[in-house]
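Participant: Provided below: input-v7.txt, containing compact mmCIF, N, CA and C atoms.
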```txt
# COMPACT_ATOMS: atom_id res chain seq x y z
N MET X 7 -58.13 8.34 -1.20
CA MET X 7 -57.51 7.88 -2.44
C MET X 7 -58.46 8.19 -3.58
N ASP X 8 -57.96 8.94 -4.59
CA ASP X 8 -58.82 9.28 -5.72
C ASP X 8 -58.83 8.14 -6.74
N ASP X 9 -59.63 8.32 -7.82
CA ASP X 9 -59.80 7.26 -8.82
C ASP X 9 -58.51 6.89 -9.53
N SER X 10 -57.66 7.88 -9.84
CA SER X 10 -56.40 7.58 -10.55
C SER X 10 -55.47 6.75 -9.67
N GLU X 11 -55.41 7.07 -8.37
CA GLU X 11 -54.57 6.28 -7.47
C GLU X 11 -55.13 4.87 -7.32
N MET X 12 -56.45 4.76 -7.27
CA MET X 12 -57.08 3.45 -7.15
C MET X 12 -56.77 2.61 -8.38
N ALA X 13 -56.84 3.22 -9.56
CA ALA X 13 -56.55 2.50 -10.81
C ALA X 13 -55.09 2.07 -10.83
N GLU X 14 -54.20 2.95 -10.37
CA GLU X 14 -52.78 2.60 -10.36
C GLU X 14 -52.53 1.40 -9.46
N HIS X 15 -53.12 1.40 -8.29
CA HIS X 15 -52.93 0.29 -7.37
C HIS X 15 -53.57 -1.00 -7.89
N SER X 16 -54.69 -0.88 -8.57
CA SER X 16 -55.32 -2.06 -9.17
C SER X 16 -54.42 -2.66 -10.23
N SER X 17 -53.78 -1.81 -11.05
CA SER X 17 -52.90 -2.33 -12.09
C SER X 17 -51.67 -2.99 -11.48
N CYS X 18 -51.22 -2.50 -10.35
CA CYS X 18 -50.08 -3.14 -9.68
C CYS X 18 -50.46 -4.56 -9.25
N ARG X 19 -51.66 -4.71 -8.74
CA ARG X 19 -52.10 -6.04 -8.31
C ARG X 19 -52.25 -6.97 -9.51
N VAL X 20 -52.79 -6.45 -10.61
CA VAL X 20 -53.00 -7.27 -11.80
C VAL X 20 -51.67 -7.67 -12.42
N LEU X 21 -50.75 -6.71 -12.53
CA LEU X 21 -49.46 -6.98 -13.14
C LEU X 21 -48.52 -7.73 -12.21
N GLY X 22 -48.78 -7.67 -10.92
CA GLY X 22 -47.94 -8.37 -9.97
C GLY X 22 -46.58 -7.71 -9.76
N ARG X 23 -46.48 -6.41 -9.99
CA ARG X 23 -45.21 -5.72 -9.80
C ARG X 23 -45.46 -4.30 -9.30
N MET X 24 -44.42 -3.75 -8.71
CA MET X 24 -44.50 -2.37 -8.25
C MET X 24 -44.06 -1.44 -9.36
N THR X 25 -44.67 -0.29 -9.44
CA THR X 25 -44.27 0.70 -10.43
C THR X 25 -43.57 1.89 -9.79
N ILE X 26 -43.37 1.84 -8.49
CA ILE X 26 -42.71 2.93 -7.78
C ILE X 26 -41.20 2.69 -7.82
N LYS X 27 -40.44 3.72 -8.17
CA LYS X 27 -38.98 3.61 -8.19
C LYS X 27 -38.45 4.06 -6.83
N LEU X 28 -37.82 3.15 -6.12
CA LEU X 28 -37.24 3.47 -4.83
C LEU X 28 -35.72 3.53 -4.96
N ASP X 29 -35.12 4.63 -4.53
CA ASP X 29 -33.68 4.80 -4.64
C ASP X 29 -32.91 3.72 -3.87
N VAL X 30 -33.45 3.29 -2.74
CA VAL X 30 -32.75 2.30 -1.92
C VAL X 30 -32.56 0.97 -2.67
N LEU X 31 -33.39 0.71 -3.67
CA LEU X 31 -33.29 -0.53 -4.42
C LEU X 31 -32.29 -0.45 -5.57
N GLN X 32 -31.74 0.73 -5.83
CA GLN X 32 -30.79 0.91 -6.91
C GLN X 32 -29.38 0.57 -6.43
N CYS X 33 -28.62 -0.10 -7.29
CA CYS X 33 -27.24 -0.46 -6.96
C CYS X 33 -26.42 0.82 -6.76
N GLY X 34 -25.66 0.88 -5.68
CA GLY X 34 -24.83 2.04 -5.38
C GLY X 34 -25.51 3.06 -4.49
N SER X 35 -26.77 2.87 -4.20
CA SER X 35 -27.51 3.80 -3.36
C SER X 35 -27.76 3.17 -1.99
N CYS X 36 -27.52 3.92 -0.93
CA CYS X 36 -27.76 3.48 0.45
C CYS X 36 -26.98 2.20 0.79
N GLU X 37 -25.77 2.07 0.28
CA GLU X 37 -25.01 0.84 0.48
C GLU X 37 -24.69 0.59 1.95
N GLU X 38 -24.48 1.65 2.75
CA GLU X 38 -24.21 1.47 4.17
C GLU X 38 -25.40 0.82 4.87
N LEU X 39 -26.60 1.28 4.52
CA LEU X 39 -27.82 0.71 5.11
C LEU X 39 -27.97 -0.76 4.72
N LYS X 40 -27.79 -1.05 3.43
CA LYS X 40 -27.93 -2.43 2.95
C LYS X 40 -26.88 -3.33 3.59
N LEU X 41 -25.65 -2.81 3.73
CA LEU X 41 -24.59 -3.58 4.37
C LEU X 41 -24.98 -3.88 5.82
N GLY X 42 -25.53 -2.91 6.51
CA GLY X 42 -25.94 -3.12 7.90
C GLY X 42 -27.04 -4.15 8.04
N VAL X 43 -28.01 -4.10 7.15
CA VAL X 43 -29.12 -5.06 7.20
C VAL X 43 -28.60 -6.47 6.94
N HIS X 44 -27.78 -6.64 5.91
CA HIS X 44 -27.29 -7.98 5.58
C HIS X 44 -26.27 -8.47 6.61
N SER X 45 -25.50 -7.57 7.21
CA SER X 45 -24.57 -7.98 8.27
C SER X 45 -25.33 -8.47 9.49
N THR X 46 -26.41 -7.79 9.82
CA THR X 46 -27.26 -8.22 10.94
C THR X 46 -27.87 -9.58 10.65
N ALA X 47 -28.37 -9.76 9.44
CA ALA X 47 -28.95 -11.06 9.07
C ALA X 47 -27.89 -12.16 9.10
N LEU X 48 -26.67 -11.82 8.67
CA LEU X 48 -25.58 -12.79 8.71
C LEU X 48 -25.27 -13.19 10.14
N GLY X 49 -25.16 -12.21 11.02
CA GLY X 49 -24.88 -12.51 12.43
C GLY X 49 -25.96 -13.37 13.06
N LEU X 50 -27.21 -13.04 12.77
CA LEU X 50 -28.32 -13.84 13.32
C LEU X 50 -28.30 -15.27 12.77
N ALA X 51 -28.03 -15.42 11.47
CA ALA X 51 -27.99 -16.75 10.87
C ALA X 51 -26.89 -17.60 11.50
N VAL X 52 -25.74 -17.00 11.75
CA VAL X 52 -24.63 -17.74 12.38
C VAL X 52 -25.01 -18.19 13.78
N VAL X 53 -25.56 -17.27 14.57
CA VAL X 53 -25.94 -17.61 15.95
C VAL X 53 -27.03 -18.67 15.98
N MET X 54 -28.06 -18.50 15.15
CA MET X 54 -29.16 -19.47 15.15
C MET X 54 -28.71 -20.82 14.60
N GLY X 55 -27.82 -20.81 13.61
CA GLY X 55 -27.30 -22.06 13.07
C GLY X 55 -26.45 -22.79 14.11
N ALA X 56 -25.62 -22.05 14.82
CA ALA X 56 -24.79 -22.66 15.87
C ALA X 56 -25.66 -23.25 16.98
N TYR X 57 -26.69 -22.51 17.38
CA TYR X 57 -27.60 -23.02 18.40
C TYR X 57 -28.28 -24.31 17.95
N ASN X 58 -28.82 -24.31 16.72
CA ASN X 58 -29.52 -25.49 16.23
C ASN X 58 -28.58 -26.67 16.05
N ALA X 59 -27.37 -26.43 15.61
CA ALA X 59 -26.39 -27.52 15.47
C ALA X 59 -26.04 -28.10 16.84
N ALA X 60 -25.81 -27.23 17.82
CA ALA X 60 -25.49 -27.70 19.17
C ALA X 60 -26.67 -28.45 19.78
N ALA X 61 -27.88 -27.94 19.57
CA ALA X 61 -29.07 -28.61 20.10
C ALA X 61 -29.26 -29.96 19.43
N TRP X 62 -28.98 -30.04 18.12
CA TRP X 62 -29.11 -31.32 17.42
C TRP X 62 -28.10 -32.34 17.95
N LEU X 63 -26.89 -31.89 18.25
CA LEU X 63 -25.86 -32.80 18.77
C LEU X 63 -26.27 -33.40 20.12
N THR X 64 -27.03 -32.66 20.92
CA THR X 64 -27.44 -33.19 22.22
C THR X 64 -28.77 -33.92 22.19
N ARG X 65 -29.72 -33.50 21.33
CA ARG X 65 -31.06 -34.09 21.34
C ARG X 65 -31.38 -34.95 20.14
N ARG X 66 -30.65 -34.80 19.02
CA ARG X 66 -30.85 -35.58 17.79
C ARG X 66 -32.29 -35.54 17.27
N GLN X 67 -32.89 -34.37 17.31
CA GLN X 67 -34.22 -34.19 16.75
C GLN X 67 -34.08 -33.70 15.31
N THR X 68 -34.87 -34.30 14.42
CA THR X 68 -34.73 -34.02 12.99
C THR X 68 -34.88 -32.55 12.65
N HIS X 69 -35.86 -31.89 13.25
CA HIS X 69 -36.09 -30.48 12.91
C HIS X 69 -34.89 -29.61 13.25
N LEU X 70 -34.12 -29.98 14.26
CA LEU X 70 -32.94 -29.20 14.61
C LEU X 70 -31.85 -29.34 13.54
N ALA X 71 -31.71 -30.54 13.00
CA ALA X 71 -30.74 -30.75 11.92
C ALA X 71 -31.15 -29.99 10.67
N VAL X 72 -32.44 -30.03 10.35
CA VAL X 72 -32.94 -29.29 9.19
C VAL X 72 -32.69 -27.79 9.39
N ASN X 73 -33.01 -27.29 10.57
CA ASN X 73 -32.78 -25.87 10.86
C ASN X 73 -31.30 -25.51 10.72
N ALA X 74 -30.42 -26.35 11.25
CA ALA X 74 -28.98 -26.08 11.18
C ALA X 74 -28.51 -26.00 9.73
N VAL X 75 -29.01 -26.89 8.88
CA VAL X 75 -28.63 -26.88 7.47
C VAL X 75 -29.18 -25.62 6.78
N LEU X 76 -30.43 -25.28 7.06
CA LEU X 76 -31.02 -24.07 6.46
C LEU X 76 -30.28 -22.82 6.90
N TYR X 77 -29.93 -22.74 8.17
CA TYR X 77 -29.18 -21.56 8.64
C TYR X 77 -27.78 -21.53 8.05
N ALA X 78 -27.17 -22.68 7.81
CA ALA X 78 -25.86 -22.71 7.15
C ALA X 78 -25.97 -22.17 5.72
N ALA X 79 -27.02 -22.56 5.01
CA ALA X 79 -27.24 -22.05 3.66
C ALA X 79 -27.50 -20.54 3.69
N LEU X 80 -28.29 -20.09 4.65
CA LEU X 80 -28.56 -18.66 4.79
C LEU X 80 -27.28 -17.89 5.11
N THR X 81 -26.40 -18.49 5.90
CA THR X 81 -25.12 -17.86 6.23
C THR X 81 -24.31 -17.62 4.96
N VAL X 82 -24.25 -18.61 4.09
CA VAL X 82 -23.51 -18.47 2.83
C VAL X 82 -24.15 -17.38 1.97
N TRP X 83 -25.46 -17.40 1.88
CA TRP X 83 -26.21 -16.42 1.08
C TRP X 83 -25.94 -15.01 1.58
N GLU X 84 -26.06 -14.79 2.87
CA GLU X 84 -25.88 -13.46 3.44
C GLU X 84 -24.42 -13.01 3.34
N GLN X 85 -23.48 -13.95 3.46
CA GLN X 85 -22.07 -13.58 3.33
C GLN X 85 -21.80 -13.02 1.94
N LYS X 86 -22.43 -13.60 0.93
CA LYS X 86 -22.26 -13.10 -0.43
C LYS X 86 -22.86 -11.70 -0.58
N HIS X 87 -23.99 -11.45 0.07
CA HIS X 87 -24.59 -10.12 0.04
C HIS X 87 -23.68 -9.10 0.74
N VAL X 88 -23.15 -9.48 1.89
CA VAL X 88 -22.25 -8.57 2.62
C VAL X 88 -21.02 -8.26 1.77
N ALA X 89 -20.43 -9.28 1.14
CA ALA X 89 -19.26 -9.06 0.29
C ALA X 89 -19.60 -8.14 -0.88
N HIS X 90 -20.78 -8.31 -1.47
CA HIS X 90 -21.20 -7.44 -2.57
C HIS X 90 -21.31 -5.99 -2.13
N HIS X 91 -21.94 -5.76 -0.99
CA HIS X 91 -22.13 -4.38 -0.53
C HIS X 91 -20.81 -3.76 -0.09
N LEU X 92 -19.90 -4.55 0.49
CA LEU X 92 -18.57 -4.04 0.81
C LEU X 92 -17.83 -3.64 -0.46
N ALA X 93 -17.91 -4.48 -1.47
CA ALA X 93 -17.25 -4.17 -2.75
C ALA X 93 -17.83 -2.91 -3.37
N GLU X 94 -19.13 -2.74 -3.25
CA GLU X 94 -19.78 -1.54 -3.80
C GLU X 94 -19.31 -0.29 -3.07
N LEU X 95 -19.13 -0.40 -1.75
CA LEU X 95 -18.63 0.75 -0.99
C LEU X 95 -17.18 1.07 -1.33
N ARG X 96 -16.40 0.07 -1.66
CA ARG X 96 -14.98 0.27 -1.97
C ARG X 96 -14.74 0.68 -3.41
N ARG X 97 -15.74 0.58 -4.25
CA ARG X 97 -15.60 0.91 -5.67
C ARG X 97 -15.24 2.39 -5.82
N PRO X 98 -14.24 2.69 -6.66
CA PRO X 98 -13.87 4.10 -6.87
C PRO X 98 -15.05 4.89 -7.44
N ARG X 99 -15.17 6.11 -7.02
CA ARG X 99 -16.25 6.99 -7.47
C ARG X 99 -15.69 8.05 -8.41
N SER X 100 -16.49 8.44 -9.38
CA SER X 100 -16.09 9.51 -10.29
C SER X 100 -16.30 10.85 -9.59
N ALA X 101 -15.97 11.93 -10.27
CA ALA X 101 -16.07 13.26 -9.69
C ALA X 101 -17.51 13.62 -9.30
N ASP X 102 -18.50 13.11 -10.05
CA ASP X 102 -19.89 13.43 -9.73
C ASP X 102 -20.49 12.49 -8.69
N GLY X 103 -19.67 11.57 -8.14
CA GLY X 103 -20.14 10.68 -7.08
C GLY X 103 -20.68 9.37 -7.58
N ALA X 104 -20.78 9.19 -8.88
CA ALA X 104 -21.30 7.93 -9.42
C ALA X 104 -20.19 6.88 -9.36
N ALA X 105 -20.58 5.65 -9.16
CA ALA X 105 -19.61 4.56 -9.10
C ALA X 105 -19.03 4.33 -10.49
N ALA X 106 -17.74 4.11 -10.53
CA ALA X 106 -17.09 3.79 -11.81
C ALA X 106 -17.52 2.40 -12.22
N GLU X 107 -17.68 2.18 -13.51
CA GLU X 107 -18.09 0.87 -14.00
C GLU X 107 -16.98 -0.13 -13.76
N ALA X 108 -17.34 -1.31 -13.30
CA ALA X 108 -16.34 -2.36 -13.07
C ALA X 108 -16.02 -3.02 -14.40
N ALA X 109 -14.75 -3.23 -14.64
CA ALA X 109 -14.33 -3.91 -15.87
C ALA X 109 -14.50 -5.41 -15.69
N GLU X 110 -14.68 -6.10 -16.81
CA GLU X 110 -14.76 -7.55 -16.76
C GLU X 110 -13.40 -8.08 -16.31
N PRO X 111 -13.37 -9.20 -15.57
CA PRO X 111 -12.09 -9.75 -15.14
C PRO X 111 -11.20 -10.05 -16.34
N GLY X 112 -9.94 -9.63 -16.23
CA GLY X 112 -8.98 -9.90 -17.29
C GLY X 112 -9.01 -8.90 -18.42
N THR X 113 -9.93 -7.91 -18.36
CA THR X 113 -10.00 -6.93 -19.45
C THR X 113 -9.67 -5.53 -18.98
N ALA X 114 -9.09 -5.43 -17.81
CA ALA X 114 -8.77 -4.10 -17.27
C ALA X 114 -7.73 -3.43 -18.16
N ALA X 115 -7.92 -2.15 -18.34
CA ALA X 115 -6.98 -1.39 -19.16
C ALA X 115 -5.68 -1.23 -18.39
N PRO X 116 -4.55 -1.22 -19.08
CA PRO X 116 -3.28 -1.03 -18.38
C PRO X 116 -3.23 0.36 -17.79
N PRO X 117 -2.47 0.54 -16.71
CA PRO X 117 -2.39 1.87 -16.11
C PRO X 117 -1.79 2.87 -17.09
N ALA X 118 -2.21 4.10 -16.95
CA ALA X 118 -1.72 5.14 -17.85
C ALA X 118 -0.22 5.36 -17.61
N ILE X 119 0.50 5.56 -18.68
CA ILE X 119 1.94 5.81 -18.58
C ILE X 119 2.13 7.31 -18.56
N ALA X 120 2.88 7.76 -17.56
CA ALA X 120 3.11 9.19 -17.41
C ALA X 120 3.97 9.68 -18.58
N ALA X 121 3.75 10.90 -18.96
CA ALA X 121 4.54 11.49 -20.03
C ALA X 121 5.99 11.60 -19.58
N VAL X 122 6.90 11.19 -20.44
CA VAL X 122 8.33 11.23 -20.12
C VAL X 122 8.88 12.58 -20.58
N PRO X 123 9.54 13.29 -19.68
CA PRO X 123 10.10 14.59 -20.07
C PRO X 123 11.07 14.41 -21.23
N ALA X 124 11.15 15.40 -22.11
CA ALA X 124 11.97 15.33 -23.33
C ALA X 124 13.44 15.11 -23.02
N ASP X 125 13.97 15.74 -21.93
CA ASP X 125 15.39 15.59 -21.62
C ASP X 125 15.73 14.18 -21.12
N VAL X 126 14.76 13.49 -20.52
CA VAL X 126 15.00 12.11 -20.05
C VAL X 126 14.91 11.13 -21.23
N ALA X 127 13.98 11.41 -22.15
CA ALA X 127 13.76 10.50 -23.28
C ALA X 127 14.95 10.51 -24.26
N ALA X 128 15.73 11.55 -24.27
CA ALA X 128 16.84 11.66 -25.24
C ALA X 128 18.06 10.90 -24.85
```
Could the structure of this file be written out as structure tokens, please?

Facilitator:
Amino acid sequence: MDDSEMAEHSSCRVLGRMTIKLDVLQCGSCEELKLGVHSTALGLAVVMGAYNAAAWLTRRQTHLAVNAVLYAALTVWEQKHVAHHLAELRRPRSADGAAAEAAEPGTAAPPAIAAVPADVAA
């Protein structure tokens, strides 16, 4: 590692942030991968939450109840992530592959009206 790289890494530690731009962190990029990661986390949270809830029902140990509640919260959190990534995958894409901007709820433009042929309009 040369001096410039060392200085760059030192500034990252001082500033407490990364200065590297990773495509995977950008919205609309690698959505299939992100969906897979969050779906796996969701599945694990459900299984672990169910196990802890069942164990708490039989043993009534406090830590099992706490774990069940935490896994339930994680389940809700991950479900929202999965829904977001599914929505991103379903978003219409423009000709260049970029995702079309989502309109604010209730402000969507009306669908385009096809031109009416002159003989029908008369």

Participant: Restricting the calculation to only C-alpha atoms: of X:Ile26, X:Leu95, X:Val52, X:Leu63, which residue gets closest to Ala79 (chain X)?

Facilitator: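 Looking at the shortest contact to Ala79 (chain X), the residue is X:Val52.
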
Participant: Closest to Thr81 (chain X) among X:Gln67, X:Glu94, X:Leu48, X:Ala56, using only N, CA and C atoms?

Facilitator: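 Using only N, CA and C atoms, Thr81 (chain X) sits closest to X:Leu48.
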
Participant: In Å, rounded to a single decimal, give me how far CA of His87 (chain X) is from CA of Lys27 (chain X).

Facilitator: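 Interatomic distance, CA of Lys27 (chain X) to CA of His87 (chain X): 21.5 Å.
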
Participant: Grab the CA of Ser100 (chain X) to atom N of Glu38 (chain X) distance for me, in Å with one decimal place.

Facilitator: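 Straight-line distance from CA of Ser100 (chain X) to atom N of Glu38 (chain X) works out to 17.4 Å.
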
Participant: Identify, on the basis of only C-alpha atoms, every residue whose closest approach to Cys33 (chain X) does not exceed 10 Å; exclude the query and any residue fewer than 4 positions from it along the same chain; express the result as an NGL selection string.

Facilitator: :X and (29 or 37 or 91 or 94 or 105)

Participant: For each of X:Leu50, X:Cys36, X:Leu31, X:Ala60, take the minimum atom-to-atom distance to Glu84 (chain X), counting only C-alpha atoms, then give the residue where this is smallest.

Facilitator: X:Leu50

Participant: Near Met54 (chain X), within 6.5 Å and counting all atoms listed in the file, which residues show up once chain neighbours fewer than 5 positions away are dropped, as a ChimeraX atom specification?

Facilitator: /X:49,59,74,77

Participant: Just N, CA and C atoms for this one: save the residues we selected as a short mmCIF file (atom, residue, chain, number, x, y, z; two decimals), in the frame of the given file.

Facilitator:
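Output saved as out-v1.cif:
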```cif
data_model
loop_
_atom_site.label_atom_id
_atom_site.label_comp_id
_atom_site.auth_asym_id
_atom_site.auth_seq_id
_atom_site.Cartn_x
_atom_site.Cartn_y
_atom_site.Cartn_z
N GLY X 49 -25.16 -12.21 11.02
CA GLY X 49 -24.88 -12.51 12.43
C GLY X 49 -25.96 -13.37 13.06
N ALA X 59 -27.37 -26.43 15.61
CA ALA X 59 -26.39 -27.52 15.47
C ALA X 59 -26.04 -28.10 16.84
N ALA X 74 -30.42 -26.35 11.25
CA ALA X 74 -28.98 -26.08 11.18
C ALA X 74 -28.51 -26.00 9.73
N TYR X 77 -29.93 -22.74 8.17
CA TYR X 77 -29.18 -21.56 8.64
C TYR X 77 -27.78 -21.53 8.05
#
```

Participant: What does the distance from atom N of Val82 (chain X) to CA of Ala61 (chain X) come to in Å, to one decimal?

Facilitator: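 CA of Ala61 (chain X) lies at a distance of 19.5 Å from atom N of Val82 (chain X).
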